[in-house]
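Asker: As input, take query_26.cif (mmCIF, C-alpha atoms and all ligand atoms):
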```cif
data_model
loop_
_atom_site.label_atom_id
_atom_site.label_comp_id
_atom_site.auth_asym_id
_atom_site.auth_seq_id
_atom_site.Cartn_x
_atom_site.Cartn_y
_atom_site.Cartn_z
CA MET A 17 91.80 85.20 139.03
CA LYS A 18 93.17 86.12 135.61
CA SER A 19 94.51 83.07 133.79
CA SER A 20 97.95 83.34 132.18
CA PRO A 21 98.10 83.69 128.41
CA LYS A 22 97.95 80.50 126.34
CA TYR A 23 101.05 81.30 124.28
CA ASP A 24 104.53 82.43 125.23
CA PHE A 25 104.88 84.26 121.90
CA LEU A 26 102.49 85.75 119.39
CA ILE A 27 104.54 86.06 116.23
CA VAL A 28 103.16 88.60 113.77
CA GLY A 29 104.36 87.68 110.27
CA ALA A 30 105.17 84.23 108.87
CA GLY A 31 108.15 85.36 106.80
CA LEU A 32 111.65 84.09 107.46
CA TYR A 33 112.18 86.15 110.61
CA GLY A 34 108.91 84.99 112.15
CA ALA A 35 109.38 81.37 111.05
CA VAL A 36 112.95 81.09 112.36
CA PHE A 37 111.96 82.80 115.60
CA ALA A 38 109.00 80.44 116.04
CA HIS A 39 111.15 77.39 115.27
CA GLU A 40 113.87 78.34 117.76
CA ALA A 41 111.41 79.33 120.48
CA THR A 42 109.54 76.04 120.05
CA LYS A 43 112.84 74.16 120.33
CA HIS A 44 113.27 75.86 123.69
CA GLY A 45 109.92 74.59 124.89
CA LYS A 46 107.96 77.78 124.21
CA ASN A 47 104.41 77.77 122.92
CA CYS A 48 104.04 79.95 119.81
CA LEU A 49 101.20 81.26 117.68
CA VAL A 50 102.20 82.60 114.27
CA ILE A 51 99.80 84.86 112.37
CA ASP A 52 99.98 86.46 108.94
CA LYS A 53 97.62 88.80 107.16
CA ARG A 54 98.28 87.09 103.84
CA ASN A 55 96.49 83.89 102.89
CA HIS A 56 99.72 81.88 103.05
CA LEU A 57 102.91 81.40 105.08
CA GLY A 58 106.48 82.17 104.00
CA GLY A 59 106.32 85.94 103.58
CA ASN A 60 108.08 87.15 100.47
CA THR A 61 109.70 83.78 99.82
CA TYR A 62 106.32 82.18 99.09
CA CYS A 63 106.03 80.19 95.86
CA GLU A 64 102.89 79.12 94.02
CA ASP A 65 102.76 76.00 91.89
CA ILE A 66 101.69 77.04 88.39
CA GLU A 67 101.96 74.43 85.64
CA GLY A 68 104.23 72.38 87.94
CA ILE A 69 106.65 75.32 88.25
CA ASN A 70 107.46 77.00 91.58
CA VAL A 71 106.61 80.61 90.82
CA HIS A 72 108.30 83.11 93.16
CA LYS A 73 105.17 85.18 93.79
CA TYR A 74 107.04 88.10 95.33
CA GLY A 75 110.01 88.31 93.00
CA ALA A 76 113.08 86.19 92.32
CA HIS A 77 114.60 84.81 95.51
CA ILE A 78 118.10 83.35 95.33
CA PHE A 79 119.64 82.17 98.56
CA HIS A 80 123.30 83.05 99.10
CA THR A 81 125.54 83.25 102.15
CA ASN A 82 129.14 83.04 103.32
CA ASP A 83 128.09 81.69 106.66
CA LYS A 84 128.35 77.91 106.84
CA THR A 85 126.18 77.78 109.97
CA ILE A 86 123.32 79.49 108.15
CA TRP A 87 123.82 77.33 105.05
CA ASP A 88 123.75 74.15 107.18
CA TYR A 89 120.74 75.49 109.05
CA VAL A 90 118.58 76.00 105.94
CA ASN A 91 119.80 72.73 104.41
CA SER A 92 118.69 70.90 107.54
CA PHE A 93 115.09 71.65 106.52
CA VAL A 94 115.40 71.15 102.77
CA PRO A 95 118.37 70.37 100.50
CA PHE A 96 119.36 73.19 98.15
CA ASN A 97 120.24 72.80 94.47
CA ARG A 98 123.33 74.15 92.67
CA TYR A 99 121.60 77.13 91.02
CA THR A 100 124.00 80.04 90.48
CA ASN A 101 122.49 83.39 89.64
CA SER A 102 123.98 84.88 86.47
CA PRO A 103 121.54 87.49 85.20
CA LEU A 104 121.76 89.23 81.87
CA ALA A 105 121.12 92.89 81.20
CA ASN A 106 119.24 93.96 78.09
CA PHE A 107 120.07 97.53 77.07
CA GLU A 108 118.61 98.76 73.78
CA GLY A 109 118.26 95.17 72.58
CA LYS A 110 121.86 94.16 73.29
CA LEU A 111 122.71 91.65 76.00
CA TYR A 112 125.40 92.13 78.65
CA ASN A 113 126.51 89.76 81.39
CA LEU A 114 126.12 90.74 85.03
CA PRO A 115 127.63 91.41 87.45
CA PHE A 116 130.25 93.66 85.86
CA ASN A 117 133.01 91.26 84.86
CA MET A 118 135.38 90.41 81.99
CA ASN A 119 132.44 89.23 79.83
CA THR A 120 130.68 92.58 80.32
CA PHE A 121 133.85 94.54 79.52
CA TYR A 122 134.36 92.47 76.36
CA GLN A 123 130.75 93.14 75.30
CA LEU A 124 131.13 96.87 75.98
CA TRP A 125 134.63 97.61 74.78
CA GLY A 126 136.07 94.46 73.16
CA THR A 127 138.75 94.24 75.87
CA LYS A 128 140.12 90.72 76.31
CA THR A 129 142.55 90.88 79.21
CA PRO A 130 142.19 92.27 82.72
CA ASP A 131 144.89 94.86 81.96
CA GLU A 132 142.99 96.11 78.90
CA ALA A 133 139.72 96.29 80.84
CA MET A 134 141.36 98.03 83.81
CA ALA A 135 142.90 100.62 81.46
CA VAL A 136 139.45 101.53 80.08
CA LEU A 137 137.90 101.63 83.56
CA ASP A 138 140.81 103.68 84.82
CA GLU A 139 140.33 106.22 82.08
CA GLN A 140 136.56 106.37 82.67
CA THR A 141 136.79 106.72 86.44
CA SER A 142 139.81 109.06 86.62
CA LYS A 143 137.73 112.23 86.62
CA TYR A 144 135.73 110.99 89.60
CA ARG A 145 138.74 109.82 91.59
CA ASN A 146 138.92 112.84 93.87
CA ILE A 147 135.31 112.85 94.96
CA THR A 148 134.09 111.13 98.10
CA PRO A 149 130.81 109.53 96.94
CA THR A 150 127.81 110.84 98.83
CA ASN A 151 125.11 109.25 96.66
CA LEU A 152 124.52 106.29 94.35
CA GLU A 153 125.43 108.14 91.15
CA GLU A 154 128.77 109.35 92.48
CA GLN A 155 129.50 105.93 93.94
CA ALA A 156 128.74 104.18 90.64
CA LEU A 157 130.71 106.63 88.50
CA SER A 158 133.75 106.41 90.73
CA LEU A 159 133.61 102.60 90.68
CA VAL A 160 132.71 101.81 87.06
CA GLY A 161 132.77 105.06 85.07
CA ASP A 162 130.43 106.53 82.47
CA ASP A 163 129.68 103.65 80.06
CA ILE A 164 128.56 101.09 82.60
CA TYR A 165 126.72 103.73 84.59
CA LYS A 166 124.76 104.99 81.58
CA LYS A 167 123.98 101.61 80.05
CA LEU A 168 123.57 99.28 82.98
CA ILE A 169 122.91 101.31 86.13
CA LYS A 170 121.19 104.69 85.73
CA GLY A 171 117.98 103.61 83.96
CA TYR A 172 117.49 100.48 86.05
CA THR A 173 118.21 102.23 89.34
CA GLU A 174 116.01 105.26 88.73
CA LYS A 175 113.00 103.18 87.71
CA GLN A 176 113.57 100.65 90.50
CA TRP A 177 113.69 103.33 93.19
CA GLY A 178 111.56 106.06 91.55
CA ARG A 179 114.19 108.60 92.51
CA LYS A 180 117.22 110.19 90.88
CA ALA A 181 120.42 108.24 91.46
CA THR A 182 121.81 111.41 93.04
CA GLU A 183 119.13 111.15 95.74
CA LEU A 184 119.84 107.51 96.62
CA PRO A 185 122.25 106.14 99.21
CA ALA A 186 125.59 104.91 97.84
CA PHE A 187 125.46 101.55 99.64
CA ILE A 188 122.79 100.14 97.28
CA ILE A 189 125.21 99.84 94.38
CA LYS A 190 127.92 98.30 96.52
CA ARG A 191 125.80 95.13 96.56
CA LEU A 192 127.00 94.39 93.02
CA PRO A 193 130.42 92.79 92.51
CA LEU A 194 132.99 94.17 90.03
CA ARG A 195 135.53 91.59 89.00
CA PHE A 196 138.28 91.00 86.48
CA THR A 197 137.58 87.34 85.73
CA TYR A 198 135.14 85.77 83.26
CA ASP A 199 132.81 84.87 86.11
CA ASN A 200 129.09 85.66 85.75
CA ASN A 201 128.16 84.61 89.28
CA TYR A 202 126.08 87.51 90.63
CA PHE A 203 127.21 86.82 94.19
CA ASN A 204 130.63 86.46 95.81
CA ASP A 205 129.31 84.18 98.54
CA THR A 206 130.60 80.63 99.09
CA TYR A 207 127.13 79.06 99.26
CA GLN A 208 124.22 79.60 96.88
CA GLY A 209 121.15 77.77 95.64
CA ILE A 210 117.39 77.29 95.63
CA PRO A 211 115.56 74.86 97.93
CA ILE A 212 114.81 71.70 95.97
CA GLY A 213 111.04 71.71 95.59
CA GLY A 214 110.81 75.44 96.33
CA TYR A 215 110.94 77.83 99.28
CA ASN A 216 107.68 76.60 100.76
CA LYS A 217 109.57 73.49 101.85
CA LEU A 218 111.82 75.69 103.96
CA THR A 219 108.82 77.42 105.54
CA GLU A 220 107.08 74.09 106.15
CA GLY A 221 110.21 72.71 107.80
CA LEU A 222 110.62 75.73 110.04
CA LEU A 223 106.96 75.89 111.06
CA LYS A 224 106.30 72.15 111.39
CA GLY A 225 104.11 71.46 114.42
CA ILE A 226 103.64 75.17 115.19
CA GLU A 227 100.19 76.73 115.27
CA CYS A 228 99.80 79.18 112.37
CA ARG A 229 96.81 81.24 111.32
CA THR A 230 96.60 83.12 108.02
CA ASN A 231 94.30 85.96 106.90
CA ILE A 232 94.72 87.68 110.25
CA ASP A 233 95.82 91.30 110.36
CA PHE A 234 97.33 92.08 113.74
CA PHE A 235 96.03 95.65 113.71
CA LYS A 236 92.46 94.62 113.03
CA GLU A 237 92.35 92.24 116.01
CA LYS A 238 95.02 93.74 118.22
CA ALA A 239 93.19 93.74 121.54
CA ALA A 240 92.10 90.12 121.34
CA LEU A 241 95.42 88.88 119.96
CA THR A 242 97.60 90.72 122.45
CA GLY A 243 95.93 88.98 125.38
CA LEU A 244 96.77 85.57 123.92
CA ALA A 245 100.52 85.68 124.51
CA LYS A 246 103.09 86.78 127.07
CA GLN A 247 105.16 88.56 124.44
CA ILE A 248 104.75 89.76 120.87
CA VAL A 249 107.28 89.33 118.10
CA PHE A 250 106.46 91.85 115.40
CA THR A 251 107.80 91.58 111.84
CA GLY A 252 105.43 94.03 110.10
CA LYS A 253 106.01 97.74 109.44
CA ILE A 254 107.40 99.51 112.48
CA ASP A 255 105.75 102.83 111.53
CA GLU A 256 102.36 101.13 111.40
CA TYR A 257 102.96 99.55 114.82
CA PHE A 258 103.39 103.03 116.30
CA ASP A 259 100.42 104.41 114.38
CA TYR A 260 102.66 106.54 112.14
CA CYS A 261 103.20 109.01 115.00
CA HIS A 262 106.56 110.14 113.59
CA GLY A 263 105.31 110.04 110.00
CA LYS A 264 105.25 107.36 107.31
CA LEU A 265 108.35 105.48 106.28
CA GLU A 266 108.69 105.22 102.51
CA TYR A 267 108.97 101.87 100.76
CA ARG A 268 109.27 100.85 97.16
CA SER A 269 106.77 98.34 95.86
CA LEU A 270 106.46 96.14 92.79
CA ASP A 271 103.64 94.96 90.58
CA PHE A 272 104.22 91.40 89.45
CA LYS A 273 102.66 90.50 86.08
CA HIS A 274 102.75 86.72 85.74
CA GLU A 275 102.23 85.09 82.32
CA ILE A 276 101.91 81.42 81.40
CA LEU A 277 103.43 80.77 77.99
CA ALA A 278 102.85 77.74 75.77
CA GLN A 279 106.54 77.29 75.06
CA SER A 280 109.19 75.47 77.04
CA ASN A 281 111.89 78.13 77.16
CA TYR A 282 111.27 81.88 76.83
CA GLN A 283 114.56 83.58 77.59
CA GLY A 284 117.05 80.80 78.42
CA ASN A 285 117.88 82.32 81.78
CA ALA A 286 116.09 82.84 85.10
CA VAL A 287 116.72 86.60 85.27
CA VAL A 288 117.02 89.20 82.50
CA ASN A 289 117.22 92.86 83.60
CA TYR A 290 115.98 95.65 81.36
CA THR A 291 118.25 98.57 82.13
CA GLU A 292 116.74 101.28 79.90
CA ALA A 293 114.59 103.93 81.55
CA LYS A 294 111.87 103.77 78.89
CA ILE A 295 110.98 100.10 79.45
CA PRO A 296 108.62 100.24 82.44
CA PHE A 297 109.59 96.93 84.04
CA THR A 298 113.00 96.23 85.60
CA ARG A 299 113.33 92.53 84.94
CA ILE A 300 111.75 89.39 83.55
CA ILE A 301 111.98 86.26 85.65
CA GLU A 302 111.55 82.82 84.07
CA HIS A 303 110.93 80.70 87.13
CA LYS A 304 111.57 77.18 85.81
CA HIS A 305 115.28 77.93 85.37
CA PHE A 306 115.75 78.26 89.15
CA GLU A 307 115.15 74.52 89.38
CA PHE A 308 116.30 73.43 85.89
CA GLY A 309 112.67 72.64 85.05
CA ARG A 310 111.70 70.57 82.03
CA GLN A 311 107.98 71.38 81.95
CA LYS A 312 106.31 71.82 78.54
CA SER A 313 105.16 75.37 79.32
CA THR A 314 106.83 78.22 81.15
CA VAL A 315 105.88 81.04 83.52
CA ILE A 316 107.45 84.47 83.30
CA THR A 317 107.04 87.49 85.55
CA LYS A 318 107.63 91.12 84.70
CA GLU A 319 108.44 93.33 87.68
CA TYR A 320 107.06 96.89 87.53
CA PRO A 321 108.39 99.15 90.28
CA LEU A 322 106.13 101.69 91.97
CA GLU A 323 105.77 103.54 95.26
CA ALA A 324 104.27 101.57 98.15
CA SER A 325 100.81 102.66 99.29
CA PRO A 326 98.05 101.18 101.48
CA GLU A 327 97.11 98.98 98.47
CA LYS A 328 100.66 98.16 97.38
CA GLU A 329 102.95 95.94 99.45
CA PRO A 330 106.05 97.54 101.00
CA TYR A 331 109.01 95.60 99.61
CA TYR A 332 112.10 97.78 99.70
CA PRO A 333 112.90 100.20 102.53
CA ILE A 334 114.24 103.48 101.18
CA ASN A 335 117.20 104.03 103.45
CA ASP A 336 117.88 107.67 102.57
CA THR A 337 118.67 110.27 105.23
CA LYS A 338 115.08 111.47 105.64
CA ASN A 339 113.64 107.98 106.15
CA ASN A 340 116.51 106.80 108.34
CA GLU A 341 115.85 109.76 110.67
CA ILE A 342 112.17 108.81 110.94
CA PHE A 343 113.15 105.19 111.54
CA LYS A 344 115.48 106.23 114.38
CA ALA A 345 112.56 107.90 116.15
CA TYR A 346 110.56 104.65 115.96
CA GLN A 347 113.60 102.66 117.06
CA GLU A 348 113.79 104.82 120.21
CA MET A 349 110.14 104.08 120.93
CA ALA A 350 110.73 100.38 120.33
CA LYS A 351 113.29 100.34 123.16
CA ASN A 352 110.49 101.03 125.65
CA GLU A 353 108.16 98.33 124.32
CA PRO A 354 108.06 94.73 125.54
CA THR A 355 107.57 93.67 121.89
CA ILE A 356 110.47 92.17 119.93
CA PHE A 357 110.89 93.80 116.51
CA GLY A 358 112.59 91.82 113.73
CA GLY A 359 112.89 91.45 109.97
CA ARG A 360 112.96 93.68 106.91
CA LEU A 361 109.91 95.79 107.73
CA ALA A 362 110.32 96.16 111.49
CA GLU A 363 114.06 96.90 111.24
CA TYR A 364 113.61 98.96 108.05
CA LYS A 365 116.65 97.27 106.53
CA TYR A 366 117.47 96.07 103.01
CA TYR A 367 118.04 92.57 104.41
CA ASP A 368 118.68 89.50 102.29
CA MET A 369 117.30 86.15 103.41
CA HIS A 370 120.51 84.91 105.03
CA GLN A 371 120.75 88.16 107.01
CA VAL A 372 117.19 87.87 108.27
CA ILE A 373 117.83 84.27 109.34
CA GLY A 374 121.10 85.34 110.97
CA ALA A 375 119.31 88.13 112.85
CA ALA A 376 116.53 85.81 114.07
CA LEU A 377 119.05 83.18 115.19
CA SER A 378 121.11 85.77 117.02
CA ASP A 379 118.05 87.31 118.70
CA THR A 380 116.73 83.95 119.86
CA ARG A 381 120.18 82.88 121.04
CA LYS A 382 120.37 86.00 123.22
CA LEU A 383 116.83 85.55 124.45
CA PHE A 384 117.29 81.91 125.39
CA ASN A 385 120.84 82.50 126.62
CA GLU A 386 122.57 80.03 124.36
CA LYS A 387 126.21 80.26 123.38
CA SER A 388 126.84 80.56 119.61
P1 LIG B 401 108.64 89.22 105.00
O1 LIG B 401 109.01 88.07 104.16
O2 LIG B 401 108.17 90.47 104.36
O3 LIG B 401 107.54 88.72 106.04
C1 LIG B 401 106.78 89.59 106.82
C2 LIG B 401 105.39 89.01 106.94
O4 LIG B 401 104.67 89.78 107.90
C3 LIG B 401 104.60 89.07 105.65
O5 LIG B 401 104.17 87.78 105.28
C4 LIG B 401 103.43 90.00 105.96
O6 LIG B 401 102.22 89.62 105.31
C5 LIG B 401 103.32 89.85 107.46
N1 LIG B 401 102.69 91.01 108.11
C6 LIG B 401 103.05 92.30 107.99
N2 LIG B 401 102.21 93.07 108.69
C7 LIG B 401 101.31 92.24 109.27
C8 LIG B 401 100.18 92.46 110.12
N3 LIG B 401 99.80 93.68 110.49
N4 LIG B 401 99.48 91.37 110.54
C9 LIG B 401 99.84 90.13 110.14
N5 LIG B 401 100.89 89.87 109.34
C10 LIG B 401 101.62 90.92 108.92
N6 LIG B 401 116.75 88.00 99.56
C11 LIG B 401 117.74 87.18 99.17
O7 LIG B 401 118.50 86.67 100.00
N7 LIG B 401 117.89 86.86 97.84
C12 LIG B 401 117.10 87.35 96.86
O8 LIG B 401 117.28 87.03 95.69
C13 LIG B 401 116.04 88.24 97.27
N8 LIG B 401 115.22 88.76 96.33
C14 LIG B 401 114.22 89.59 96.72
C15 LIG B 401 113.36 90.09 95.75
C16 LIG B 401 112.31 90.93 96.12
C17 LIG B 401 111.41 91.47 95.06
C18 LIG B 401 112.13 91.27 97.50
C19 LIG B 401 111.01 92.17 97.91
C20 LIG B 401 112.97 90.77 98.47
C21 LIG B 401 114.02 89.93 98.09
N9 LIG B 401 114.89 89.38 99.05
C22 LIG B 401 115.91 88.54 98.64
C23 LIG B 401 114.76 89.71 100.48
C24 LIG B 401 113.91 88.70 101.26
O9 LIG B 401 112.60 88.66 100.75
C25 LIG B 401 113.88 89.13 102.71
O10 LIG B 401 115.17 89.27 103.24
C26 LIG B 401 113.11 88.18 103.63
O11 LIG B 401 112.11 87.48 102.99
C27 LIG B 401 112.55 89.01 104.74
O12 LIG B 401 111.87 88.20 105.66
P2 LIG B 401 110.99 88.92 106.77
O13 LIG B 401 110.45 87.86 107.64
O14 LIG B 401 111.75 90.02 107.39
O15 LIG B 401 109.84 89.67 105.96
N1 LIG B 402 121.34 97.52 89.63
C1 LIG B 402 121.55 98.16 88.43
N2 LIG B 402 121.45 97.44 87.26
C2 LIG B 402 121.16 96.12 87.27
C3 LIG B 402 120.95 95.47 88.49
C4 LIG B 402 121.03 96.20 89.66
O1 LIG B 402 121.80 99.35 88.41
O2 LIG B 402 121.08 95.53 86.17
C5 LIG B 402 121.42 98.33 90.87
C6 LIG B 402 120.06 98.90 91.26
O3 LIG B 402 120.26 100.16 91.86
C7 LIG B 402 119.57 97.89 92.27
C8 LIG B 402 120.89 97.57 93.00
O4 LIG B 402 121.86 97.55 91.95
O5 LIG B 402 118.61 98.44 93.14
C9 LIG B 402 120.91 96.25 93.74
O6 LIG B 402 120.59 95.22 92.83
P1 LIG B 402 120.10 93.80 93.31
O7 LIG B 402 120.05 92.90 92.13
O8 LIG B 402 120.92 93.39 94.47
O9 LIG B 402 118.62 94.17 93.77
P2 LIG B 402 117.42 93.28 94.37
O10 LIG B 402 117.64 91.86 93.99
O11 LIG B 402 117.45 93.52 95.83
O12 LIG B 402 116.23 93.86 93.72
#
```
Rewrite the coordinates I just gave you, this time as structure tokens.
Ligand code: FAD
Ligand code: UDP
Answerer:
Amino acid sequence: MKSSPKYDFLIVGAGLYGAVFAHEATKHGKNCLVIDKRNHLGGNTYCEDIEGINVHKYGAHIFHTNDKTIWDYVNSFVPFNRYTNSPLANFEGKLYNLPFNMNTFYQLWGTKTPDEAMAVLDEQTSKYRNITPTNLEEQALSLVGDDIYKKLIKGYTEKQWGRKATELPAFIIKRLPLRFTYDNNYFNDTYQGIPIGGYNKLTEGLLKGIECRTNIDFFKEKAALTGLAKQIVFTGKIDEYFDYCHGKLEYRSLDFKHEILAQSNYQGNAVVNYTEAKIPFTRIIEHKHFEFGRQKSTVITKEYPLEASPEKEPYYPINDTKNNEIFKAYQEMAKNEPTIFGGRLAEYKYYDMHQVIGAALSDTRKLFNEKS
């Protein structure tokens, strides 16, 4: 007689989706095995301790949400600090505050009141007023006009995505607030911060007591792994899962160049964006500032965007029409699979952390029939 599988769930991917799923399933008495092909847990939130500084190995991660339930949820594993993201943009050696706010308008045009700033914006956007934006460039021009577009958006966007702004979906730029107060907070959300002691504490809290194995690629050991569990939860690339039968989904990747510097403070801020096209990196992160660090040295990271490939990690889904059509074909196939698909790569969505957690909580609630 065939014995029943040891685990209720095999969870492929130890990022936030996989970790929240595993935590919730375990709470409901299910036996989970979490695997990841990387040599660590935490997915893209993983931090490495370098010189006593939590270095965000896969790019700056700032937690923000409007949802108190999600805020309380993450804080139940690790308290969060009061970090507020207020990046600067460096364009041709001059600094501008982000997101676009009264400080930025003052730096660009010398305007001091909201009425003065609105008058300039009005004048700069008037010629675009009658267009219905169909791409990122049109969306940006109709929202913020020529100056901001040319200095702070076009160069950054085109190097980040490796495509012309006219070929990118409009929604990407709607992530950035535009406000008429002197408020440099990059996000509008009520809650924001960084886990005290770093994101690994969040992962450790979520995965406490759960069996996890690293350095295991699902596709290399699929047959053996599949037999171990009643159901699979897959958080890797959905196109890879279906053997690319409808073609490859495109992703944008990044090269992270980390440097240890023998000085205590390099740029005085956690994030400085470089918005000119001719500078090959998009931003410099100085990690200690996420946790108000007082270490003697500092670690900075330059982010160089490039196209994802078998050697380069897929970080950003490119949700243009062509790729969304391909994704839809995979989504149809997914409906006929017993596997649960979740997270940024399997749902091909430009998810932030709070959204991934929200999705995993909602999926597990449905699965285990809990009321919200
Ligand atoms: P991931 O974290 O990608 O986890 C998926 C895991 O699956 C990975 O560890 C991978 O190794 C593993 N895996 C894939 N395929 C296989 C396989 N075949 N076998 C085994 N394991 C596999 N969000 C914010 O809220 N704020 C931010 O400031 C922010 N900044 C970001 C900056 C960058 C550069 C990037 C790329 C993302 C950022 N995000 C940010 C988004 C955030 O990283 C994601 O929302 C979240 O981490 C996604 O979690 P996930 O579990 O879906 O995916
Ligand atoms: N963006 C820009 N200039 C900036 C910062 C962002 O034009 O200085 C645009 C760019 O297109 C980017 C998008 O806004 O892809 C979203 O920025 P966000 O900071 O949310 O990107 P992420 O943190 O996801 O990389």
Asker: Given the choices A:Lys84, A:Ile51, A:Ile276, A:His56, which gets closest to Phe235 of chain A if the distance is worked out from only C-alpha atoms?
Answerer: A:Ile51
Asker: Tell me, in Å to one decimal, how far atom CA of Pro130 of chain A is from atom CA of Asp162 of chain A.
Answerer: 18.5 Å
Asker: Can you tell me which residues sit at most 8 Å away from ligand LIG 402 (chain B), counting only C-alpha atoms and all ligand atoms, written as a PyMOL selection string?
Answerer: chain A and resi 76-77+104-105+114-115+152+165+168-174+176-177+188-192+289-291+332+366+368
Asker: To one decimal place in Å, what is the distance between atom C27 of ligand LIG 401 (chain B) and atom CA of Lys253 of chain A?
Answerer: 11.9 Å
Asker: Go through the chains and note each residue within 7 Å of ligand LIG 401 (chain B), using all atoms listed in the file, then give the set as a PyMOL selection string.
Answerer: chain A and resi 28-34+51-54+57-61+74-80+232-235+251-253+331-332+358-361+367-372
Asker: Could you pull out every residue with an atom within 12 Å of (106.9, 75.6, 112.5), file coordinates, counting only C-alpha atoms, and send them as a ChimeraX atom specification?
Answerer: /A:27,30-43,46-51,57-58,93,216-229
Asker: Which residue, A:Ala135, A:Leu244, A:Leu265, A:Ile66, has the smallest gap to Asn340 of chain A when you use all atoms listed in the file?
Answerer: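 Result for the nearest residue to Asn340 of chain A: A:Leu265.
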Asker: Figure out the distance between atom CA of Phe343 of chain A and atom CA of Lys328 of chain A, please, to one decimal in Å.
Answerer: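 Separating atom CA of Lys328 of chain A from atom CA of Phe343 of chain A is a distance of 20.1 Å.
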Asker: Around all listed atoms of segment 39-58 of chain A, padded 6 Å per side, what centre and edge lengths does the axis-aligned box have in Å to one decimal, as JSON?
Answerer:
```
{"center_x": 105.2, "center_y": 81.5, "center_z": 113.9, "size_x": 29.4, "size_y": 26.6, "size_z": 34.0}
```
Asker: As a VMD selection string, please: the residues near Leu270 of chain A (cut-off 8 Å, all atoms listed in the file, same-chain neighbours under 4 positions excluded).
Answerer: chain A and resid 319 to 324 328 to 329 331
Asker: For those residues, write C-alpha atoms to a file as a PDB file, in the coordinates of the input.
Answerer:
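result08.pdb, freshly written:
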```pdb
ATOM      1  CA  GLU A 319     108.440  93.330  87.680  1.00  0.00           C
ATOM      2  CA  TYR A 320     107.060  96.890  87.530  1.00  0.00           C
ATOM      3  CA  PRO A 321     108.390  99.150  90.280  1.00  0.00           C
ATOM      4  CA  LEU A 322     106.130 101.690  91.970  1.00  0.00           C
ATOM      5  CA  GLU A 323     105.770 103.540  95.260  1.00  0.00           C
ATOM      6  CA  ALA A 324     104.270 101.570  98.150  1.00  0.00           C
ATOM      7  CA  LYS A 328     100.660  98.160  97.380  1.00  0.00           C
ATOM      8  CA  GLU A 329     102.950  95.940  99.450  1.00  0.00           C
ATOM      9  CA  TYR A 331     109.010  95.600  99.610  1.00  0.00           C
TER      10      TYR A 331
END
```
Asker: Fewer than 3 positions away in the same chain doesn't count, so skip those; otherwise give me all residues within 10 Å of Gly68 of chain A, counting only C-alpha atoms, as an MDAnalysis selection string.
Answerer: chainID A and resid 64:65 71 304 309:315
Asker: Could you check which of A:Val160, A:Ile86, A:Met118, A:Leu277 is closest to Asp138 of chain A, using only C-alpha atoms?
Answerer: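 Using only C-alpha atoms, the shortest distance to Asp138 of chain A belongs to A:Val160.
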Asker: Would you please work out which residue, of A:Asn200, A:Gln347, A:Thr355, A:Asn106, is nearest to Glu292 of chain A when using all atoms listed in the file?
Answerer: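 Once distances to Glu292 of chain A are computed over all atoms listed in the file, the minimum belongs to A:Asn106.
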Asker: Calculated over all atoms listed in the file, which of the candidates A:Pro95, A:Asn55, A:Thr337, A:Asp163 has the smallest distance to Thr230 of chain A?
Answerer: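 Between A:Pro95, A:Asn55, A:Thr337, A:Asp163, the residue approaching Thr230 of chain A most closely is A:Asn55.
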Asker: Output file request: segment 32-57 of chain A, with C-alpha atoms, as an mmCIF file, in the first residue's frame.
Answerer:
```
data_model
loop_
_atom_site.group_PDB
_atom_site.id
_atom_site.type_symbol
_atom_site.label_atom_id
_atom_site.label_comp_id
_atom_site.auth_asym_id
_atom_site.auth_seq_id
_atom_site.Cartn_x
_atom_site.Cartn_y
_atom_site.Cartn_z
ATOM 1 C CA LEU A 32 7.310 36.517 2.136
ATOM 2 C CA TYR A 33 4.522 34.692 0.313
ATOM 3 C CA GLY A 34 5.982 31.278 1.122
ATOM 4 C CA ALA A 35 6.848 32.204 4.710
ATOM 5 C CA VAL A 36 3.412 33.666 5.515
ATOM 6 C CA PHE A 37 1.706 30.709 3.851
ATOM 7 C CA ALA A 38 3.841 28.253 5.830
ATOM 8 C CA HIS A 39 3.202 30.116 9.082
ATOM 9 C CA GLU A 40 -0.573 30.199 8.618
ATOM 10 C CA ALA A 41 -0.774 26.592 7.451
ATOM 11 C CA THR A 42 1.285 25.453 10.449
ATOM 12 C CA LYS A 43 -1.045 27.396 12.751
ATOM 13 C CA HIS A 44 -3.858 25.324 11.278
ATOM 14 C CA GLY A 45 -2.102 22.094 12.165
ATOM 15 C CA LYS A 46 -0.632 21.439 8.716
ATOM 16 C CA ASN A 47 2.810 19.963 8.206
ATOM 17 C CA CYS A 48 4.915 22.100 5.850
ATOM 18 C CA LEU A 49 8.243 21.791 4.083
ATOM 19 C CA VAL A 50 9.683 25.037 2.719
ATOM 20 C CA ILE A 51 12.416 24.913 0.084
ATOM 21 C CA ASP A 52 14.416 27.621 -1.638
ATOM 22 C CA LYS A 53 17.036 27.442 -4.349
ATOM 23 C CA ARG A 54 19.036 30.225 -2.737
ATOM 24 C CA ASN A 55 21.380 29.541 0.162
ATOM 25 C CA HIS A 56 19.194 31.512 2.578
ATOM 26 C CA LEU A 57 15.577 32.170 3.562
#
```
